[in-house]
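Shown next: coords-v1.txt, given as compact mmCIF, C-alpha atoms and all ligand atoms.
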```
# COMPACT_ATOMS: atom_id res chain seq x y z
CA MET G 9 -26.97 4.27 65.65
CA ILE G 10 -26.94 6.06 62.29
CA ILE G 11 -24.06 8.48 61.79
CA ASP G 12 -23.21 10.07 58.44
CA LEU G 13 -20.32 12.52 58.34
CA HIS G 14 -19.91 13.23 54.59
CA ASN G 15 -22.72 14.84 52.55
CA HIS G 16 -23.21 17.51 49.90
CA SER G 17 -25.79 20.19 49.18
CA TYR G 18 -26.17 22.50 46.21
CA TYR G 19 -23.64 24.86 47.81
CA SER G 20 -21.21 22.56 45.99
CA ASP G 21 -22.13 19.66 43.71
CA GLY G 22 -25.08 18.17 45.57
CA VAL G 23 -28.65 18.44 44.32
CA LEU G 24 -30.59 19.33 47.48
CA SER G 25 -30.55 22.53 49.49
CA PRO G 26 -28.90 22.36 52.94
CA LYS G 27 -32.38 22.50 54.46
CA GLU G 28 -33.56 19.57 52.34
CA VAL G 29 -30.52 17.40 52.98
CA VAL G 30 -30.73 17.96 56.75
CA SER G 31 -34.43 17.05 56.67
CA LEU G 32 -33.69 13.94 54.64
CA ALA G 33 -31.01 12.87 57.13
CA LYS G 34 -33.54 13.17 59.95
CA GLU G 35 -36.11 11.15 58.00
CA GLN G 36 -33.52 8.41 57.40
CA GLY G 37 -32.94 8.22 61.15
CA CYS G 38 -29.54 9.90 61.34
CA GLU G 39 -28.56 10.94 64.83
CA LEU G 40 -25.30 12.63 63.91
CA PHE G 41 -24.87 14.28 60.53
CA ALA G 42 -22.25 16.44 58.82
CA LEU G 43 -22.67 18.69 55.79
CA THR G 44 -19.31 18.71 53.99
CA ASP G 45 -19.54 20.73 50.77
CA HIS G 46 -16.47 21.09 48.54
CA ASP G 47 -14.30 24.06 49.57
CA THR G 48 -17.11 26.05 51.18
CA THR G 49 -18.94 26.27 54.49
CA ASP G 50 -21.60 28.61 53.11
CA GLY G 51 -24.42 26.05 53.33
CA LEU G 52 -23.96 25.52 57.06
CA VAL G 53 -25.93 28.52 58.26
CA GLU G 54 -29.09 27.25 56.55
CA ALA G 55 -28.28 23.67 57.58
CA GLN G 56 -27.89 24.65 61.23
CA LYS G 57 -31.15 26.57 61.23
CA GLN G 58 -33.02 23.51 59.99
CA ALA G 59 -31.10 21.12 62.29
CA ASP G 60 -32.16 23.22 65.30
CA LYS G 61 -35.75 23.22 64.09
CA ILE G 62 -36.01 19.45 63.71
CA ASP G 63 -33.57 18.56 66.50
CA LEU G 64 -30.77 16.88 64.54
CA LYS G 65 -27.20 16.98 65.79
CA LEU G 66 -25.25 18.72 63.01
CA ILE G 67 -21.46 18.68 62.71
CA HIS G 68 -20.02 21.60 60.74
CA GLY G 69 -17.89 20.19 57.97
CA VAL G 70 -16.12 20.94 54.71
CA GLU G 71 -14.43 18.74 52.09
CA VAL G 72 -11.24 20.49 51.05
CA SER G 73 -9.36 19.64 47.86
CA ALA G 74 -5.61 19.25 48.43
CA MET G 75 -2.45 18.34 46.55
CA TRP G 76 -0.35 15.38 47.52
CA SER G 77 2.51 14.34 45.27
CA ASN G 78 0.93 16.28 42.37
CA MET G 79 -2.38 14.47 42.78
CA THR G 80 -5.67 15.80 44.12
CA VAL G 81 -6.96 14.25 47.33
CA HIS G 82 -9.89 15.27 49.51
CA ILE G 83 -9.54 16.11 53.19
CA VAL G 84 -12.74 16.46 55.19
CA GLY G 85 -12.70 18.90 58.09
CA LEU G 86 -15.19 17.97 60.81
CA GLY G 87 -16.25 20.12 63.75
CA VAL G 88 -14.80 23.30 62.27
CA ASP G 89 -15.51 26.83 63.46
CA ILE G 90 -16.91 28.38 60.32
CA GLU G 91 -15.96 31.86 61.49
CA ASN G 92 -12.27 30.98 61.64
CA LYS G 93 -10.18 33.41 59.57
CA ALA G 94 -7.39 31.01 58.52
CA LEU G 95 -9.90 28.45 57.29
CA GLN G 96 -11.99 31.00 55.41
CA ALA G 97 -8.91 32.63 53.84
CA GLY G 98 -7.81 29.22 52.59
CA LEU G 99 -11.24 28.32 51.25
CA LYS G 100 -11.45 31.68 49.52
CA LYS G 101 -8.26 30.88 47.57
CA HIS G 102 -9.81 27.60 46.47
CA GLN G 103 -13.04 29.33 45.44
CA GLU G 104 -11.03 31.79 43.33
CA PHE G 105 -9.05 28.96 41.76
CA ARG G 106 -12.34 27.24 40.93
CA GLN G 107 -13.56 30.35 39.11
CA SER G 108 -10.49 30.64 36.90
CA ARG G 109 -10.55 26.88 36.32
CA THR G 110 -14.18 27.08 35.24
CA GLU G 111 -13.31 29.56 32.50
CA LYS G 112 -10.49 27.32 31.25
CA MET G 113 -12.79 24.30 31.21
CA ALA G 114 -15.41 26.19 29.20
CA ARG G 115 -12.74 27.30 26.69
CA GLY G 116 -11.43 23.75 26.41
CA LEU G 117 -14.90 22.43 25.72
CA GLY G 118 -15.47 25.21 23.19
CA GLY G 119 -12.40 23.93 21.34
CA ALA G 120 -14.09 20.54 21.18
CA GLY G 121 -17.21 22.06 19.63
CA ILE G 122 -19.27 22.43 22.80
CA PHE G 123 -20.24 26.08 22.79
CA GLY G 124 -21.77 28.24 25.48
CA ALA G 125 -20.63 25.87 28.24
CA MET G 126 -20.19 28.71 30.73
CA GLU G 127 -23.74 30.03 30.41
CA LYS G 128 -25.15 26.52 30.51
CA VAL G 129 -23.33 25.44 33.70
CA LYS G 130 -24.26 28.72 35.37
CA LYS G 131 -27.89 27.85 34.76
CA ILE G 132 -27.43 24.45 36.38
CA ALA G 133 -25.48 25.67 39.44
CA LYS G 134 -27.65 27.14 42.21
CA THR G 135 -24.76 29.06 43.82
CA ASP G 136 -21.47 30.60 42.63
CA MET G 137 -19.66 27.33 43.28
CA ILE G 138 -19.11 25.55 39.99
CA THR G 139 -17.59 22.06 40.09
CA ARG G 140 -16.67 19.57 37.39
CA THR G 141 -19.89 17.80 38.27
CA HIS G 142 -21.87 20.77 36.95
CA PHE G 143 -20.05 20.46 33.63
CA ALA G 144 -20.81 16.75 33.69
CA GLN G 145 -24.52 17.38 34.26
CA MET G 146 -24.53 19.90 31.44
CA LEU G 147 -22.90 17.47 28.98
CA ILE G 148 -25.42 14.79 29.92
CA GLN G 149 -28.32 17.23 29.51
CA GLU G 150 -26.99 18.24 26.11
CA GLY G 151 -26.95 14.60 25.11
CA VAL G 152 -23.18 14.57 24.57
CA CYS G 153 -22.62 11.76 27.09
CA LYS G 154 -24.93 9.27 28.71
CA ASP G 155 -23.64 9.21 32.29
CA MET G 156 -21.20 10.70 34.80
CA LYS G 157 -18.59 8.02 34.29
CA ALA G 158 -18.49 8.58 30.54
CA VAL G 159 -18.32 12.39 30.87
CA PHE G 160 -15.41 12.34 33.27
CA LYS G 161 -13.55 9.88 31.09
CA ARG G 162 -14.16 11.64 27.77
CA PHE G 163 -14.09 15.29 28.82
CA LEU G 164 -13.14 16.20 32.35
CA THR G 165 -9.89 14.46 33.25
CA GLY G 166 -6.23 14.54 32.23
CA LYS G 167 -5.57 15.97 28.76
CA LYS G 168 -9.21 15.78 27.67
CA PRO G 169 -10.91 19.01 26.40
CA GLY G 170 -12.28 20.02 29.80
CA GLY G 171 -9.42 18.53 31.80
CA VAL G 172 -7.58 21.06 33.97
CA GLY G 173 -4.66 20.52 36.29
CA GLY G 174 -5.34 20.77 39.99
CA LYS G 175 -3.51 23.47 41.87
CA TRP G 176 -5.09 23.26 45.24
CA ALA G 177 -3.15 23.98 48.43
CA GLU G 178 -0.75 21.28 49.60
CA TYR G 179 -2.09 18.71 52.07
CA ASP G 180 -0.13 20.02 55.06
CA GLU G 181 -1.50 23.52 54.53
CA VAL G 182 -5.07 22.21 54.26
CA ILE G 183 -4.67 20.20 57.47
CA SER G 184 -3.40 23.34 59.21
CA TRP G 185 -6.48 25.36 58.08
CA ILE G 186 -8.75 22.69 59.54
CA HIS G 187 -6.79 22.55 62.78
CA SER G 188 -6.80 26.37 63.08
CA ALA G 189 -10.59 26.13 62.94
CA GLY G 190 -10.57 23.53 65.74
CA GLY G 191 -11.62 20.70 63.42
CA LYS G 192 -10.50 17.15 62.84
CA ALA G 193 -8.83 16.45 59.47
CA ILE G 194 -10.02 13.24 57.85
CA LEU G 195 -8.80 11.71 54.59
CA ALA G 196 -11.92 11.15 52.46
CA HIS G 197 -12.61 7.93 50.51
CA PRO G 198 -9.03 6.55 50.52
CA LEU G 199 -9.80 3.87 47.93
CA ARG G 200 -11.17 6.26 45.29
CA TYR G 201 -7.91 7.85 44.14
CA ARG G 202 -6.86 5.33 41.50
CA MET G 203 -3.72 4.58 43.49
CA THR G 204 -2.24 1.21 44.35
CA ASN G 205 -2.65 0.16 47.97
CA THR G 206 1.08 0.72 48.48
CA LYS G 207 0.63 4.30 47.35
CA VAL G 208 -2.42 4.87 49.56
CA ARG G 209 -0.37 3.69 52.54
CA ARG G 210 2.34 6.19 51.58
CA LEU G 211 -0.35 8.90 51.35
CA LEU G 212 -1.64 7.98 54.80
CA SER G 213 1.88 7.98 56.18
CA HIS G 214 2.68 11.45 54.79
CA LEU G 215 -0.65 12.93 55.87
CA SER G 216 -0.31 11.41 59.34
CA GLY G 217 3.09 13.07 59.59
CA ALA G 218 1.35 16.40 58.87
CA GLY G 219 -1.18 15.85 61.66
CA LEU G 220 -4.04 14.06 59.92
CA ASP G 221 -6.53 12.93 62.58
CA GLY G 222 -8.54 10.29 60.79
CA VAL G 223 -9.59 8.43 57.69
CA GLU G 224 -12.95 7.40 56.25
CA VAL G 225 -13.08 3.70 57.01
CA VAL G 226 -16.72 3.38 55.90
CA THR G 227 -18.13 5.20 52.86
CA GLY G 228 -21.43 4.80 51.05
CA SER G 229 -19.81 2.68 48.36
CA SER G 230 -17.44 0.56 50.51
CA SER G 231 -17.42 -3.22 50.25
CA GLY G 232 -16.84 -5.36 53.34
CA ASP G 233 -13.29 -6.15 52.23
CA GLU G 234 -12.53 -2.47 51.68
CA ILE G 235 -13.76 -1.61 55.16
CA THR G 236 -11.55 -4.31 56.68
CA LEU G 237 -8.53 -3.02 54.75
CA VAL G 238 -8.95 0.64 55.66
CA SER G 239 -9.84 -0.26 59.24
CA GLN G 240 -6.44 -1.96 59.52
CA TRP G 241 -4.66 1.04 58.02
CA ALA G 242 -6.43 3.31 60.50
CA ARG G 243 -5.00 1.20 63.33
CA GLU G 244 -1.56 1.04 61.74
CA PHE G 245 -1.31 4.83 61.38
CA ASP G 246 -3.10 5.56 64.65
CA LEU G 247 -5.97 7.36 62.92
CA LEU G 248 -9.54 7.87 64.07
CA ALA G 249 -12.15 6.18 61.93
CA SER G 250 -14.93 8.12 60.21
CA SER G 251 -18.04 7.07 58.34
CA GLY G 252 -19.77 9.06 55.62
CA SER G 253 -21.91 8.30 52.59
CA ASP G 254 -20.65 11.09 50.26
CA TYR G 255 -24.27 11.64 49.31
CA HIS G 256 -24.81 14.08 46.41
CA GLY G 257 -28.40 13.26 45.43
CA TRP G 258 -27.74 12.76 41.71
CA PRO G 259 -30.42 10.69 39.97
CA ASN G 260 -28.21 7.64 39.36
CA GLN G 261 -26.16 7.76 42.53
CA ARG G 262 -26.78 4.59 44.48
CA VAL G 263 -25.66 5.88 47.87
CA GLN G 264 -28.24 7.34 50.23
CA VAL G 265 -27.91 9.53 53.29
CA GLY G 266 -27.34 7.37 56.36
CA TYR G 267 -27.00 4.06 54.47
CA LEU G 268 -23.67 2.87 55.79
CA GLN G 269 -22.19 -0.40 56.96
CA ASP G 270 -21.14 -0.77 60.59
CA MET G 271 -17.80 0.50 61.78
CA PRO G 272 -15.46 -2.31 62.88
CA THR G 273 -15.36 -2.36 66.69
CA ILE G 274 -11.54 -2.33 66.71
CA ASN G 275 -11.45 1.31 65.56
CA GLU G 276 -11.62 4.45 67.64
CA THR G 277 -14.18 6.73 66.03
CA VAL G 278 -13.91 10.43 65.27
CA TRP G 279 -17.36 10.96 66.80
CA ARG G 280 -16.49 9.49 70.23
CA ASP G 281 -16.51 13.00 71.79
CA TRP G 282 -19.58 14.24 69.93
CA LEU G 283 -22.29 11.98 71.31
P1 LIG E 1 -14.10 19.15 41.33
O1 LIG E 1 -13.86 19.27 42.81
O2 LIG E 1 -14.81 20.32 40.76
O3 LIG E 1 -12.86 18.77 40.57
O4 LIG E 1 -15.13 17.96 41.13
C1 LIG E 1 -14.86 16.74 41.73
C2 LIG E 1 -16.17 16.02 41.94
O5 LIG E 1 -16.54 15.38 40.76
C3 LIG E 1 -16.01 14.92 42.97
O6 LIG E 1 -16.28 15.39 44.25
C4 LIG E 1 -17.02 13.93 42.55
O7 LIG E 1 -18.26 14.28 43.12
C5 LIG E 1 -17.09 14.11 41.05
N1 LIG E 1 -16.30 13.13 40.29
C6 LIG E 1 -14.98 13.09 40.11
N2 LIG E 1 -14.61 12.06 39.30
C7 LIG E 1 -15.76 11.43 38.97
C8 LIG E 1 -16.08 10.31 38.15
N3 LIG E 1 -15.13 9.61 37.50
N4 LIG E 1 -17.37 9.97 38.04
C9 LIG E 1 -18.32 10.67 38.68
N5 LIG E 1 -18.09 11.73 39.46
C10 LIG E 1 -16.83 12.12 39.61
MN MN E 2 -18.52 15.95 44.78
MN MN E 3 -14.48 13.65 47.53
MN MN E 4 -17.67 14.35 48.87
```
Will you turn the file into structure tokens for me?
Amino acid sequence: MIIDLHNHSYYSDGVLSPKEVVSLAKEQGCELFALTDHDTTDGLVEAQKQADKIDLKLIHGVEVSAMWSNMTVHIVGLGVDIENKALQAGLKKHQEFRQSRTEKMARGLGGAGIFGAMEKVKKIAKTDMITRTHFAQMLIQEGVCKDMKAVFKRFLTGKKPGGVGGKWAEYDEVISWIHSAGGKAILAHPLRYRMTNTKVRRLLSHLSGAGLDGVEVVTGSSSGDEITLVSQWAREFDLLASSGSDYHGWPNQRVQVGYLQDMPTINETVWRDWL
């Protein structure tokens, strides 16, 4: 059974429209699919319309940025009520923070001799949501860098010209928004934070203490060993296991919607009540 609970559309930093990504999921044979754009649920109305039309079971999701120990982590909310006021008020704060951050990034890049960044990223973005990925695409298009990895390293992280500190809501607050909206809070891609395993376990321990429901055991880029490791952590911290590709649709991204390794049978899955 193909289940993919982490995907992006152009309502954040994905390439496809919600309608297109839902259609693609169906073509790939997905039976359960979640759209989880960064800090917005705005693509879900269009996604739901298409899911109804082609008979795909859609889970309403969102990938919320959050602070833990002064670092940014991503918490995916699954099965959220998109009309919920607490969730939308929280997401609105993040959307506003993104706007002010965008201006700072453009100024920083201007200081490095890259002018007109703001106008250029606005042309690339299809909605008001501007992410670092849009800046990355712009710098690749301008021929400044050759790929995503190089752009993030040279321009968009730490003290680099377009690097900006994260000031998202704290993890416990983000988990409470998701719970207010009736959703399950899942730590996204636990092995992608450039933390030691000891630190990731501490992260899982703190988030579990704040009510985290699950963790992504399988992602589109997981190796077999990584799945085994996170599967054990999920058991240790009594967390549900989730599976999601983190599909964005960028030209060089290797992951595809619905291409995921099997979930270890020892884990309880987040989707057990949704089938
Ligand atoms: P933002 O939420 O605007 O800070 O953008 C974060 C997004 O940028 C992530 O969701 C990834 O899709 C992408 N990203 C972050 N770091 C990298 C990287 N080193 N290489 C490629 N993409 C990245
Ligand atoms: Mn992204
Ligand atoms: Mn993420
Ligand atoms: Mn993602």
Residues within 9 Å of ligand MN 3 (chain E) should be enumerated using only C-alpha atoms and all ligand atoms and returned as number ranges by chain.
G: 14, 46, 71-73, 81-84, 196-197, 200, 254
With only C-alpha atoms and all ligand atoms as the atoms that count, which of G:Arg280, G:His16, G:Arg162, G:Lys130 lies nearest to ligand MN 2 (chain E)?
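Among the listed residues, the smallest separation from ligand MN 2 (chain E) belongs to G:His16.
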Using only C-alpha atoms - which residues lie no farther than 10 Å from the point (-10.3, -1.7, 67.3) in the file's frame? Write them as a CSV table (one decimal) with C-alpha atoms, in the frame of the given file.
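Output file part-v6.csv follows:
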```csv
chain,number,residue,atom,x,y,z
G,239,SER,CA,-9.8,-0.3,59.2
G,240,GLN,CA,-6.4,-2.0,59.5
G,242,ALA,CA,-6.4,3.3,60.5
G,243,ARG,CA,-5.0,1.2,63.3
G,249,ALA,CA,-12.2,6.2,61.9
G,271,MET,CA,-17.8,0.5,61.8
G,272,PRO,CA,-15.5,-2.3,62.9
G,273,THR,CA,-15.4,-2.4,66.7
G,274,ILE,CA,-11.5,-2.3,66.7
G,275,ASN,CA,-11.4,1.3,65.6
G,276,GLU,CA,-11.6,4.4,67.6
G,277,THR,CA,-14.2,6.7,66.0
```
Pick from G:Val159, G:Leu147, G:Val172, G:Leu86 nearest to G:Leu220, counting all atoms listed in the file:
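Among the listed residues, G:Leu86 lies closest to G:Leu220.
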Mind giving me the axis-aligned box for stretch 116-125 of chain G with 8 Å on every side, centre plus edges in Å to one decimal, as JSON?
```
{"center_x": -16.6, "center_y": 24.4, "center_z": 23.9, "size_x": 26.3, "size_y": 23.7, "size_z": 24.6}
```
Tell me, as a PyMOL selection string, which residues lie within 9 Å of G:Leu43, counting only C-alpha atoms; anything in the same chain fewer than 4 positions away does not count.
chain G and resi 13-17+26+29-30+49+51-52+55+66-70
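Minimum distance to ligand LIG 1 (chain E) across G:Ile11, G:Cys38, G:Leu283, G:Leu164 (counting all atoms listed in the file) occurs at G:Leu164.
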Could you tell me how far atom CA of G:Gly174 sits from atom CA of G:Gly151, in Å to one decimal place?
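Spanning atom CA of G:Gly151 to atom CA of G:Gly174 is a straight-line distance of 27.0 Å.
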Grab the atom CA of G:Gly232 to atom CA of G:Ala193 distance for me, in Å with one decimal place.
24.0 Å
Select from chain G every residue with an atom at most 8 Å from any atom of ligand LIG 1 (chain E), then for each give the shortest pair of atoms and their distance in Å to one decimal, using all atoms listed in the file, rows by chain and rising number, as CSV.
```
residue,atom,partner,partner_atom,distance
G:Asp21,CA,E:LIG1,O7,6.7
G:His46,CA,E:LIG1,O1,6.6
G:Ser73,CA,E:LIG1,O1,6.8
G:Arg106,CA,E:LIG1,O2,7.3
G:Ile138,CA,E:LIG1,O2,6.8
G:Thr139,CA,E:LIG1,O2,3.3
G:Arg140,CA,E:LIG1,O2,3.9
G:Thr141,CA,E:LIG1,O5,4.8
G:Met156,CA,E:LIG1,C9,4.8
G:Lys157,CA,E:LIG1,N4,4.4
G:Ala158,CA,E:LIG1,N4,7.7
G:Val159,CA,E:LIG1,N4,7.6
G:Phe160,CA,E:LIG1,N3,5.0
G:Lys161,CA,E:LIG1,N3,6.6
G:Gly174,CA,E:LIG1,O3,7.8
G:His256,CA,E:LIG1,O7,7.3
```
Nearby residues (all atoms listed in the file) at most 8 Å from G:Ile186, same-chain spacing under 5 positions excluded, as an NGL selection string:
:G and (85 or 88 or 95 or 191-193)
Please measure the separation of atom CA of G:Met9 and atom CA of G:Glu39, giving the value in Å to one decimal.
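Atom CA of G:Glu39 lies at a distance of 6.9 Å from atom CA of G:Met9.
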What's the 10 Å shell around stretch 234-238 of chain G, counting only C-alpha atoms, without same-chain residues fewer than 3 positions away, as a VMD selection string?
chain G and resid 197 to 199 205 208 to 209 223 to 227 229 to 231 241 to 244 249 269 to 272
Pick out the closest residue to G:Gly170 from this set: G:Gln103, G:Thr110, G:Thr44, G:Asn260. Count all atoms listed in the file.
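Nearest candidate to G:Gly170 out of G:Gln103, G:Thr110, G:Thr44, G:Asn260: G:Thr110.
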I want to know what sits within 10 Å of G:Thr80, based on only C-alpha atoms, with residues of the same chain fewer than 6 positions away left out; could you give that as a PyMOL selection string?
chain G and resi 73-74+173-179+201
Could you take the residues named above and write them with C-alpha atoms, as a short mmCIF file (atom, residue, chain, number, x, y, z; two decimals), keeping the file's coordinate frame?
```cif
data_model
loop_
_atom_site.label_atom_id
_atom_site.label_comp_id
_atom_site.auth_asym_id
_atom_site.auth_seq_id
_atom_site.Cartn_x
_atom_site.Cartn_y
_atom_site.Cartn_z
CA SER G 73 -9.36 19.64 47.86
CA ALA G 74 -5.61 19.25 48.43
CA GLY G 173 -4.66 20.52 36.29
CA GLY G 174 -5.34 20.77 39.99
CA LYS G 175 -3.51 23.47 41.87
CA TRP G 176 -5.09 23.26 45.24
CA ALA G 177 -3.15 23.98 48.43
CA GLU G 178 -0.75 21.28 49.60
CA TYR G 179 -2.09 18.71 52.07
CA TYR G 201 -7.91 7.85 44.14
#
```
Test item: residues at most 7 Å from G:Val263, only C-alpha atoms, excluding those fewer than 4 positions along its chain, as a PDB file with C-alpha atoms, keeping the file's coordinate frame:
```pdb
ATOM      1  CA  GLY G 228     -21.430   4.800  51.050  1.00  0.00           C
ATOM      2  CA  SER G 229     -19.810   2.680  48.360  1.00  0.00           C
ATOM      3  CA  SER G 253     -21.910   8.300  52.590  1.00  0.00           C
ATOM      4  CA  TYR G 255     -24.270  11.640  49.310  1.00  0.00           C
ATOM      5  CA  TYR G 267     -27.000   4.060  54.470  1.00  0.00           C
TER       6      TYR G 267
END
```
Take the point (-25.1, 27.1, 47.9) as written in the file and pick out every residue within 6 Å of it, counting only C-alpha atoms; give the list as a ChimeraX atom specification.
/G:18-19,51,135
